[in-house]
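Comments concern the structure below.
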Amino acid sequence: MHIYIQSQSSKDEMLAKALSETCYVPQFPKPGETIHGHKFVTSFGGKGANQSIMAARLGAKVSMVAKVGDDTFGKDTVENFTANSVNTEFIQQTSEASTGVVLITVDQEGQNSFVSVKGSNDLLTPGDVEKAFSQVKSAKVVVSEMEIRRETTLRALQLAKESGSLTVLNPSPAITNLDSEFYKVTDIMCINQLETELLTGLPVTSVDEAKKAALVLLERGCQKVIITLGKDGAVLVTTETKTPEHIPVDPVTPVDTTGAGDSFIGALSFYLAHLPHLPLKEIVRRSGRIAAVSVLSSGTQLSYPWKRDLPTELFV
């Protein structure tokens with residue numbers, strides 16, 4: 001089994017993107033306001049990095065395609081991937097830009113906000129992806145998002161389709177438009193509420209609204225759509241049924257929701273490659289359970305469980 005997860009540089013724990021610095025505060029500051037936080041944590045992160053590490057911790061064989069800065073953060077990022085059993089053969093270090101950084105603020109309810117500085121992520125090119133794909137032919141799943149150049153992400157998805165890999169696109173950070181070609185080369189689009197609202201122009205404040213928006217995305221050309229709804233679980237629709245389904249998740253009291261969406265996608269990728277016989281609805285349900293575990297402690301990758309820490313029933 002080989003999962004090939006494409007992303008950017010690196011961040012907290014799994015895919016590559018950036019170093020993350022997290023401030024824990026009683027509430028989010030207003031413009032011009034100074035407030036006192038009670039905790040500060042520096043850790044690895046990045047959407048691609050987080051997703052890849054989650055998949056690897058569940059037992060997937062993961063390779064990362066990324067670019068980090070030739071700085072301390074970049075070197076530490078590569079070491080973090082190695083420590084989490086992620087193949088770093090296709091991670092490049094460059095002196096032309098610093099490693100990407102994400103600034104995170106978490107309030108007392110466990111909700112979060114982000115500021116991302118791309119840095120070396122913007123230097124990953126379609127040519128870099130082509131070089132990696134020329135050496136990796138057996139990928140079952142290729143995951144990508146929008147933290148790198150759009151043309152690089154699109155090229156990765158195109159190459160994955162050509163090689164017969166299953167493609168998963170997480171159109172995040174949120175964008176207001178997406179070239180029609182992305183939908184054509186995406187087998188599964190996994191997207192949250194805010195991202196869905198920006199792409200469709202529709203409100204997504206309830207399960208019913210999510211179902212309507214999911215159909216709009218499906219009609220644009222991708223084969224399957226998963227809209228994650230946080231504590232409300234997820235909505236799934238496929239071209240086979242064209243009937244959106246709500247898949248709830250058991251309620252938990254979150255400590256820190258940072259990286260929960262990445263945890264979900266990492267778990268989703270693992271199941272798609274390792275247990276492909278499972279119905280997609282069941283894969284979404286199990287991925288939601290794993291994501292729920294990740295919000296029970298602070299940190300991003302630090303909160304991601306290993307397979308040994310989870311019930312065996314999730315892996316049969």
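Lettering and numbering for the structure tokens are positional, with chains as A, B, ... in the shown order, residues counted from 1 in each chain, and ligands counted from 1 in the shown order.
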Shell of 10 Å around A:Gly69, only C-alpha atoms, local chain residues under 5 positions omitted, as a PyMOL selection string: chain A and resi 9-10+18+74-75+77+92-100+119-121+123
Once you have the residues from the selection above, write them out as an mmCIF file, in the first residue's frame, restricted to C-alpha atoms.
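The result, written out as result.cif:
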data_model
loop_
_atom_site.group_PDB
_atom_site.id
_atom_site.type_symbol
_atom_site.label_atom_id
_atom_site.label_comp_id
_atom_site.auth_asym_id
_atom_site.auth_seq_id
_atom_site.Cartn_x
_atom_site.Cartn_y
_atom_site.Cartn_z
ATOM 1 C CA SER A 9 6.120 22.775 2.881
ATOM 2 C CA SER A 10 5.450 21.766 6.432
ATOM 3 C CA ALA A 18 4.637 25.593 7.984
ATOM 4 C CA GLY A 74 12.710 23.709 7.561
ATOM 5 C CA LYS A 75 15.276 21.294 8.956
ATOM 6 C CA THR A 77 10.127 20.037 9.768
ATOM 7 C CA GLN A 92 13.182 20.119 -1.074
ATOM 8 C CA GLN A 93 14.921 22.835 0.944
ATOM 9 C CA THR A 94 15.424 26.279 -0.596
ATOM 10 C CA SER A 95 17.311 29.419 0.417
ATOM 11 C CA GLU A 96 14.997 31.613 -1.683
ATOM 12 C CA ALA A 97 12.267 31.841 0.977
ATOM 13 C CA SER A 98 11.643 30.988 4.606
ATOM 14 C CA THR A 99 9.630 27.994 5.720
ATOM 15 C CA GLY A 100 5.903 28.797 5.818
ATOM 16 C CA GLY A 119 6.972 31.364 2.294
ATOM 17 C CA SER A 120 8.605 28.418 0.519
ATOM 18 C CA ASN A 121 5.193 26.885 -0.251
ATOM 19 C CA LEU A 123 8.031 27.963 -4.713
#
Give one line per residue of stretch 214-286 of chain A that approaches stretch 38-54 of chain A to at most 12 Å, naming the two atoms of the closest pair and their distance in Å to one decimal, counting only C-alpha atoms; sort by chain then ascending residue number and deliver it as a Markdown table.
| residue | atom | partner | partner_atom | distance |
| --- | --- | --- | --- | --- |
| A:Thr258 | CA | A:Gly45 | CA | 10.2 |
| A:Gly259 | CA | A:Asn50 | CA | 7.2 |
| A:Ala260 | CA | A:Asn50 | CA | 9.5 |
| A:Gly261 | CA | A:Gln51 | CA | 8.7 |
| A:Asp262 | CA | A:Gln51 | CA | 4.9 |
| A:Ser263 | CA | A:Met54 | CA | 5.8 |
| A:Phe264 | CA | A:Gln51 | CA | 7.9 |
| A:Ile265 | CA | A:Gln51 | CA | 6.0 |
| A:Gly266 | CA | A:Gln51 | CA | 4.1 |
| A:Ala267 | CA | A:Met54 | CA | 6.3 |
| A:Leu268 | CA | A:Gln51 | CA | 9.3 |
| A:Ser269 | CA | A:Gln51 | CA | 8.4 |
| A:Phe270 | CA | A:Met54 | CA | 8.4 |
| A:Tyr271 | CA | A:Met54 | CA | 11.4 |
Those of stretch 63-166 of chain A in DSSP alpha helix (DSSP H), formatted as a compact mmCIF listing (two decimals) with C-alpha atoms, in the first residue's frame:
# COMPACT_ATOMS: atom_id res chain seq x y z
CA THR A 72 15.98 25.90 11.29
CA PHE A 73 12.22 25.55 10.85
CA GLY A 74 12.71 23.71 7.56
CA LYS A 75 15.28 21.29 8.96
CA ASP A 76 13.14 20.60 12.01
CA THR A 77 10.13 20.04 9.77
CA VAL A 78 11.92 17.33 7.78
CA GLU A 79 13.01 15.67 11.02
CA ASN A 80 9.40 15.77 12.25
CA PHE A 81 8.18 14.00 9.13
CA THR A 82 10.83 11.32 9.58
CA ALA A 83 9.84 10.86 13.23
CA PRO A 126 4.43 21.84 -11.45
CA GLY A 127 7.89 20.67 -12.50
CA ASP A 128 8.68 19.59 -8.94
CA VAL A 129 5.48 17.55 -8.88
CA GLU A 130 6.22 15.97 -12.26
CA LYS A 131 9.66 14.92 -11.06
CA ALA A 132 8.18 13.26 -7.98
CA PHE A 133 5.49 11.45 -9.96
CA SER A 134 8.12 10.13 -12.37
CA GLN A 135 9.60 8.20 -9.44
CA ARG A 150 -3.00 26.57 -8.00
CA GLU A 151 -1.19 25.40 -11.12
CA THR A 152 0.96 23.09 -8.98
CA THR A 153 -2.06 21.60 -7.24
CA LEU A 154 -3.86 21.13 -10.55
CA ARG A 155 -0.85 19.43 -12.13
CA ALA A 156 -0.62 17.02 -9.18
CA LEU A 157 -4.26 16.05 -9.58
CA GLN A 158 -3.89 15.64 -13.35
CA LEU A 159 -0.87 13.37 -12.97
CA ALA A 160 -2.64 11.35 -10.30
CA LYS A 161 -5.64 10.76 -12.58
CA GLU A 162 -3.35 9.75 -15.43
Just to confirm, what's the straight-line distance from atom CA of A:Ala234 to atom CA of A:Ala139 in Å (one decimal)? 26.4 Å
Report as a Markdown table: every residue of stretch 113-222 of chain A with an atom at most 10 Å from stretch 241-252 of chain A, its closest pair of atoms, and their distance in Å to one decimal, counting only C-alpha atoms, with rows sorted by chain and ascending residue number.
| residue | atom | partner | partner_atom | distance |
| --- | --- | --- | --- | --- |
| A:Val207 | CA | A:His246 | CA | 7.0 |
| A:Asp208 | CA | A:His246 | CA | 8.8 |
| A:Ala210 | CA | A:Pro244 | CA | 8.8 |
| A:Lys211 | CA | A:Pro244 | CA | 5.5 |
| A:Lys212 | CA | A:Pro244 | CA | 8.1 |
| A:Ala213 | CA | A:Pro244 | CA | 9.8 |
| A:Ala214 | CA | A:Pro244 | CA | 7.3 |
| A:Leu215 | CA | A:Lys242 | CA | 7.3 |
| A:Leu218 | CA | A:Lys242 | CA | 8.2 |
| A:Glu219 | CA | A:Lys242 | CA | 9.5 |
Same residues, N, CA and C atoms, output as a short mmCIF file (atom, residue, chain, number, x, y, z; two decimals), in the first residue's frame:
data_model
loop_
_atom_site.label_atom_id
_atom_site.label_comp_id
_atom_site.auth_asym_id
_atom_site.auth_seq_id
_atom_site.Cartn_x
_atom_site.Cartn_y
_atom_site.Cartn_z
N VAL A 207 -27.52 21.41 8.25
CA VAL A 207 -27.36 20.18 7.46
C VAL A 207 -28.12 20.29 6.14
N ASP A 208 -29.33 20.79 6.18
CA ASP A 208 -30.13 20.90 4.95
C ASP A 208 -29.46 21.83 3.94
N ALA A 210 -26.28 22.42 3.75
CA ALA A 210 -25.09 21.72 3.28
C ALA A 210 -25.45 20.72 2.18
N LYS A 211 -26.58 20.07 2.31
CA LYS A 211 -27.02 19.11 1.28
C LYS A 211 -27.24 19.82 -0.06
N LYS A 212 -27.86 20.98 -0.02
CA LYS A 212 -28.11 21.73 -1.25
C LYS A 212 -26.79 22.18 -1.89
N ALA A 213 -25.87 22.65 -1.07
CA ALA A 213 -24.58 23.11 -1.59
C ALA A 213 -23.76 21.95 -2.15
N ALA A 214 -23.87 20.79 -1.52
CA ALA A 214 -23.13 19.62 -1.98
C ALA A 214 -23.55 19.23 -3.40
N LEU A 215 -24.84 19.34 -3.68
CA LEU A 215 -25.33 19.02 -5.02
C LEU A 215 -24.78 19.99 -6.07
N LEU A 218 -21.29 18.88 -6.78
CA LEU A 218 -21.31 17.64 -7.54
C LEU A 218 -21.60 17.92 -9.01
N GLU A 219 -22.50 18.83 -9.26
CA GLU A 219 -22.87 19.16 -10.64
C GLU A 219 -21.73 19.81 -11.42
#
To one decimal place in Å, what is the distance between atom CA of A:Leu124 and atom CA of A:Ala66?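 The value is 6.6 Å.
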